[in-house]
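Only one structure is covered here, and it is reproduced in the block below.
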Amino acid sequence: MPSYTPMPSDTFTFGLWTVGNIGRDPFGDPVRKPINPVEIVHLLAEVGAWGVNFHDNDLVPIDASPAERNRIVRDFNAALRETGLVVPMATTNLFSDPAFKDGAFTSNDPQVRAYALHKTMHAIDLGVECGAKTYVFWGGREGVETDAAKNPVEAIKRFREAINFLCAYVKDQGYALRFALEPKPNEPRGDIFLATVGHALAFIATLDSPEMVGVNPEVAHETMAGLNFLHGVAQAWDAGKLFHIDLNDQVVGRYDQDFRFAAVNLKAAFFLVKFLEDVGYAGPRHFDAHAYRTESYEGVKAFARGCMRSYLILKEKARQWNADADIQALLAEINAGDQAPIPYSAEAAEVLKERDFDRQALGIRGMPYEQLDQLTVELLLGVR
Ligand code: GLT
Ligand code: MN
Ligand code: MN
């Protein structure tokens with residue numbers, strides 16, 4: 001029986017803002033006392049995480065003096081050394097300050113756009129100083145409430161100019177850093193630009209340095225849009241663009257819930273974990289989620305342990321699924337016949353056009369997906 005104990009090789013990470021979430025929501029004040037970054041590092045080490053990620057201002061307050069900044073970073077790095085935690089990813093807070101109320105890179109105010117670049121360059125320096133290899137861009141405020149406010153083509157151009165500028169900055173500094181764009185359809189803006197993984201992938205192809213930029217898909221965000229998260233992840237993987245992933249859970253049609261991983265849709269979580277493990281995704285498995293507002297810090301630890309434990313249980317279930325003789329027999333039946341694609345040649349096209357097909361037989365052939373799905377459900381329910 002596996003112990004489901006997280007190991008560094010599992011690459012489990014949390015943001016300072018996740019376990020450090022104090023339970024504020026649009027209708028209610030904080031329910032937990034803030035804990036500082038050093039305390040969060042120790043909490044994450046206690047529950048067995050591998051890494052910790054942050055926004056610039058999760059670590060260094062926006063108004064900190066250079067001396068304060070250096071002291072905070074020194075203490076934080078000391079806590080990392082003491083616990084062995086690493087910082088695989090960093091990002092910029094381009095959403096909390098009122099200056100960003102109309103967006104950062106896509107704001108209609110050129111001074112705000114310039115300030116967003118200034119803030120991001122400093123935040124990139126900070127992230128790299130702490131060891132980050134991936135830099136996330138979540139454009140939470142990059143959007144509109146009314147389409148009267150912004151020309152969406154102009155907004156995408158501004159977004160592109162900003163990412164091009166920052167790619168050039170990273171290259172100029174000689175940093176070994178890749179960017180990951182994190183899509184979201186809405187909240188906090190009425191509509192956010194680069195709404196889904198598909199939008200982001202198409203946008204990346206238009207950049208000056210597309211090889212430097214990938215995506216950071218989040219379960220909750222694609223689910224809010226009513227999409228199949230696995231399909232977005234698979235397309236990102238196929239394009240060589242799955243640079244990072246935000247794991248959590250979400251009920252379709254609700255506010256952005258950021259629930260504990262696998263708390264809502266077990267079957268979707270199972271197929272996601274199975275996919276990541278089967279293809280050999282080697283990046284961080286980041287839990288961008290937070291504990292229910294009802295919890296104390298004991299509940300926060302239970303939440304963090306739960307994310308990792310559920311992942312590991314689903315990983316073991318994926319192993320069982322791949323080894324299950326009945327499931328494999330059904331898969332063999334489903335995928336019977338020569339699956340190789342037909343390479344094009346003028347002759348092959350002619351032969352194919354002349355070929356006779358028994359259309360009725362093709363239509364009558366049953367696909368045993370009911371049996372396959374039921375076996376999956378039974379395996380997940382623990383009766384196989
Ligand atoms: C914010 C958002 C997340 C993003 C974070 C990175 S911040 O919590 O809800 O989905 O990943 O900026
Ligand atoms: Mn989210
Ligand atoms: Mn996220």
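Residue names in the structure tokens use chain letters A, B, ... in the order shown, residue numbers from 1 in each chain, and ligand numbers from 1 in the order shown.
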
Check which residues of chain A sit at most 9 Å from ligand 1 using only C-alpha atoms and all ligand atoms, and return one row each with the closest pair of atoms and their distance in Å to one decimal, ordered by chain and rising number, as a tab-separated table.
residue	atom	partner	partner_atom_place_in_ligand_line	distance
A:Gly15	CA	ligand 1	5 (C)	8.2
A:Trp17	CA	ligand 1	8 (O)	6.8
A:Thr18	CA	ligand 1	8 (O)	7.5
A:Phe54	CA	ligand 1	6 (C)	8.1
A:His55	CA	ligand 1	12 (O)	6.7
A:Ala90	CA	ligand 1	6 (C)	8.5
A:Thr91	CA	ligand 1	12 (O)	6.0
A:Thr92	CA	ligand 1	12 (O)	6.5
A:Asn93	CA	ligand 1	12 (O)	6.3
A:Leu94	CA	ligand 1	12 (O)	7.9
A:Phe95	CA	ligand 1	12 (O)	8.4
A:Val136	CA	ligand 1	6 (C)	6.6
A:Phe137	CA	ligand 1	12 (O)	6.3
A:Trp138	CA	ligand 1	12 (O)	4.7
A:Gly139	CA	ligand 1	12 (O)	7.5
A:Gly140	CA	ligand 1	2 (C)	7.1
A:Glu182	CA	ligand 1	11 (O)	6.7
A:Pro183	CA	ligand 1	10 (O)	8.5
A:Lys184	CA	ligand 1	10 (O)	7.7
A:Glu187	CA	ligand 1	9 (O)	8.6
A:Pro188	CA	ligand 1	9 (O)	8.9
A:Asn216	CA	ligand 1	11 (O)	8.1
A:Pro217	CA	ligand 1	11 (O)	8.8
A:Glu218	CA	ligand 1	10 (O)	6.8
A:Ala220	CA	ligand 1	10 (O)	8.1
A:His221	CA	ligand 1	10 (O)	7.5
A:Asp246	CA	ligand 1	11 (O)	6.7
A:Asp256	CA	ligand 1	9 (O)	7.5
A:Asp258	CA	ligand 1	9 (O)	7.5
A:Asp288	CA	ligand 1	11 (O)	6.1
A:Ala289	CA	ligand 1	8 (O)	8.0

Fewer than 5 positions away in the same chain doesn't count, so skip those; otherwise give me all residues within 10 Å of Gly103 (chain A), counting only C-alpha atoms, as a PyMOL selection string.
chain A and resi 94-95+98+108-109+112-113+116+139-144+155+189+192

At a cut-off of 9 Å, using only C-alpha atoms, what residues contact Phe203 (chain A)? Leave out same-chain residues fewer than 5 positions from it and give the result as a count of residues only.
4

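Within 9 Å of Val128 (chain A), once only C-alpha atoms are used and residues closer than 2 positions along the same chain are dropped, the contacting residues are Met89, Ala90, Ala123, Ile124, Asp125, Leu126, Cys130, Gly131, Ala132, Lys133, Tyr175, Ala176 and Leu177 of chain A.
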
Write the residues you've just listed into a file as a PDB file, in the first residue's frame, and include N, CA, C and O atoms for each of them.
ATOM      1  N   MET A  89       8.781  29.261  -9.339  1.00  0.00           N
ATOM      2  CA  MET A  89       8.009  30.230 -10.144  1.00  0.00           C
ATOM      3  C   MET A  89       7.803  31.518  -9.369  1.00  0.00           C
ATOM      4  O   MET A  89       7.685  31.509  -8.147  1.00  0.00           O
ATOM      5  N   ALA A  90       7.780  32.625 -10.098  1.00  0.00           N
ATOM      6  CA  ALA A  90       7.412  33.908  -9.493  1.00  0.00           C
ATOM      7  C   ALA A  90       6.519  34.662 -10.470  1.00  0.00           C
ATOM      8  O   ALA A  90       6.410  34.298 -11.649  1.00  0.00           O
ATOM      9  N   ALA A 123      10.132  42.892 -10.455  1.00  0.00           N
ATOM     10  CA  ALA A 123       9.629  41.623  -9.904  1.00  0.00           C
ATOM     11  C   ALA A 123      10.364  40.432 -10.538  1.00  0.00           C
ATOM     12  O   ALA A 123      10.611  39.419  -9.866  1.00  0.00           O
ATOM     13  N   ILE A 124      10.713  40.561 -11.809  1.00  0.00           N
ATOM     14  CA  ILE A 124      11.496  39.501 -12.465  1.00  0.00           C
ATOM     15  C   ILE A 124      12.865  39.392 -11.785  1.00  0.00           C
ATOM     16  O   ILE A 124      13.338  38.287 -11.469  1.00  0.00           O
ATOM     17  N   ASP A 125      13.492  40.543 -11.531  1.00  0.00           N
ATOM     18  CA  ASP A 125      14.798  40.530 -10.841  1.00  0.00           C
ATOM     19  C   ASP A 125      14.680  39.802  -9.501  1.00  0.00           C
ATOM     20  O   ASP A 125      15.525  38.976  -9.149  1.00  0.00           O
ATOM     21  N   LEU A 126      13.600  40.120  -8.771  1.00  0.00           N
ATOM     22  CA  LEU A 126      13.382  39.506  -7.456  1.00  0.00           C
ATOM     23  C   LEU A 126      13.177  37.996  -7.585  1.00  0.00           C
ATOM     24  O   LEU A 126      13.766  37.204  -6.830  1.00  0.00           O
ATOM     25  N   CYS A 130      15.627  34.745  -6.260  1.00  0.00           N
ATOM     26  CA  CYS A 130      15.196  33.653  -5.375  1.00  0.00           C
ATOM     27  C   CYS A 130      15.224  32.298  -6.086  1.00  0.00           C
ATOM     28  O   CYS A 130      14.845  31.285  -5.495  1.00  0.00           O
ATOM     29  N   GLY A 131      15.599  32.276  -7.353  1.00  0.00           N
ATOM     30  CA  GLY A 131      15.781  30.984  -8.038  1.00  0.00           C
ATOM     31  C   GLY A 131      14.720  30.626  -9.050  1.00  0.00           C
ATOM     32  O   GLY A 131      14.748  29.517  -9.614  1.00  0.00           O
ATOM     33  N   ALA A 132      13.754  31.520  -9.304  1.00  0.00           N
ATOM     34  CA  ALA A 132      12.639  31.163 -10.196  1.00  0.00           C
ATOM     35  C   ALA A 132      13.129  30.850 -11.607  1.00  0.00           C
ATOM     36  O   ALA A 132      14.023  31.521 -12.135  1.00  0.00           O
ATOM     37  N   LYS A 133      12.502  29.827 -12.217  1.00  0.00           N
ATOM     38  CA  LYS A 133      12.822  29.428 -13.593  1.00  0.00           C
ATOM     39  C   LYS A 133      11.646  29.728 -14.536  1.00  0.00           C
ATOM     40  O   LYS A 133      11.809  29.727 -15.751  1.00  0.00           O
ATOM     41  N   TYR A 175      19.024  36.036 -18.101  1.00  0.00           N
ATOM     42  CA  TYR A 175      18.291  35.179 -17.157  1.00  0.00           C
ATOM     43  C   TYR A 175      17.813  33.896 -17.851  1.00  0.00           C
ATOM     44  O   TYR A 175      17.348  33.947 -19.005  1.00  0.00           O
ATOM     45  N   ALA A 176      17.881  32.759 -17.140  1.00  0.00           N
ATOM     46  CA  ALA A 176      17.325  31.501 -17.659  1.00  0.00           C
ATOM     47  C   ALA A 176      15.874  31.407 -17.183  1.00  0.00           C
ATOM     48  O   ALA A 176      15.554  30.707 -16.230  1.00  0.00           O
ATOM     49  N   LEU A 177      15.019  32.164 -17.822  1.00  0.00           N
ATOM     50  CA  LEU A 177      13.636  32.294 -17.351  1.00  0.00           C
ATOM     51  C   LEU A 177      12.694  32.136 -18.541  1.00  0.00           C
ATOM     52  O   LEU A 177      12.940  32.677 -19.616  1.00  0.00           O
TER      53      LEU A 177
END

Rank A:Ala162, A:Pro2, A:Thr11, A:Leu181 by their smallest atom-to-atom distance to His118 (chain A), using only C-alpha atoms, and report the top residue only.
A:Ala162

Just list the residues in region 290-320 of chain A DSSP gives alpha helix (DSSP H) on the backbone, as a VMD selection string.
chain A and resid 297 to 320

Could you check the closest approach to Ala49 (chain A) for each of A:Phe259, A:Phe12, A:Phe76, A:Tyr169 and tell me which residue wins, using only C-alpha atoms?
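The answer is A:Phe12, which sits nearest to Ala49 (chain A).
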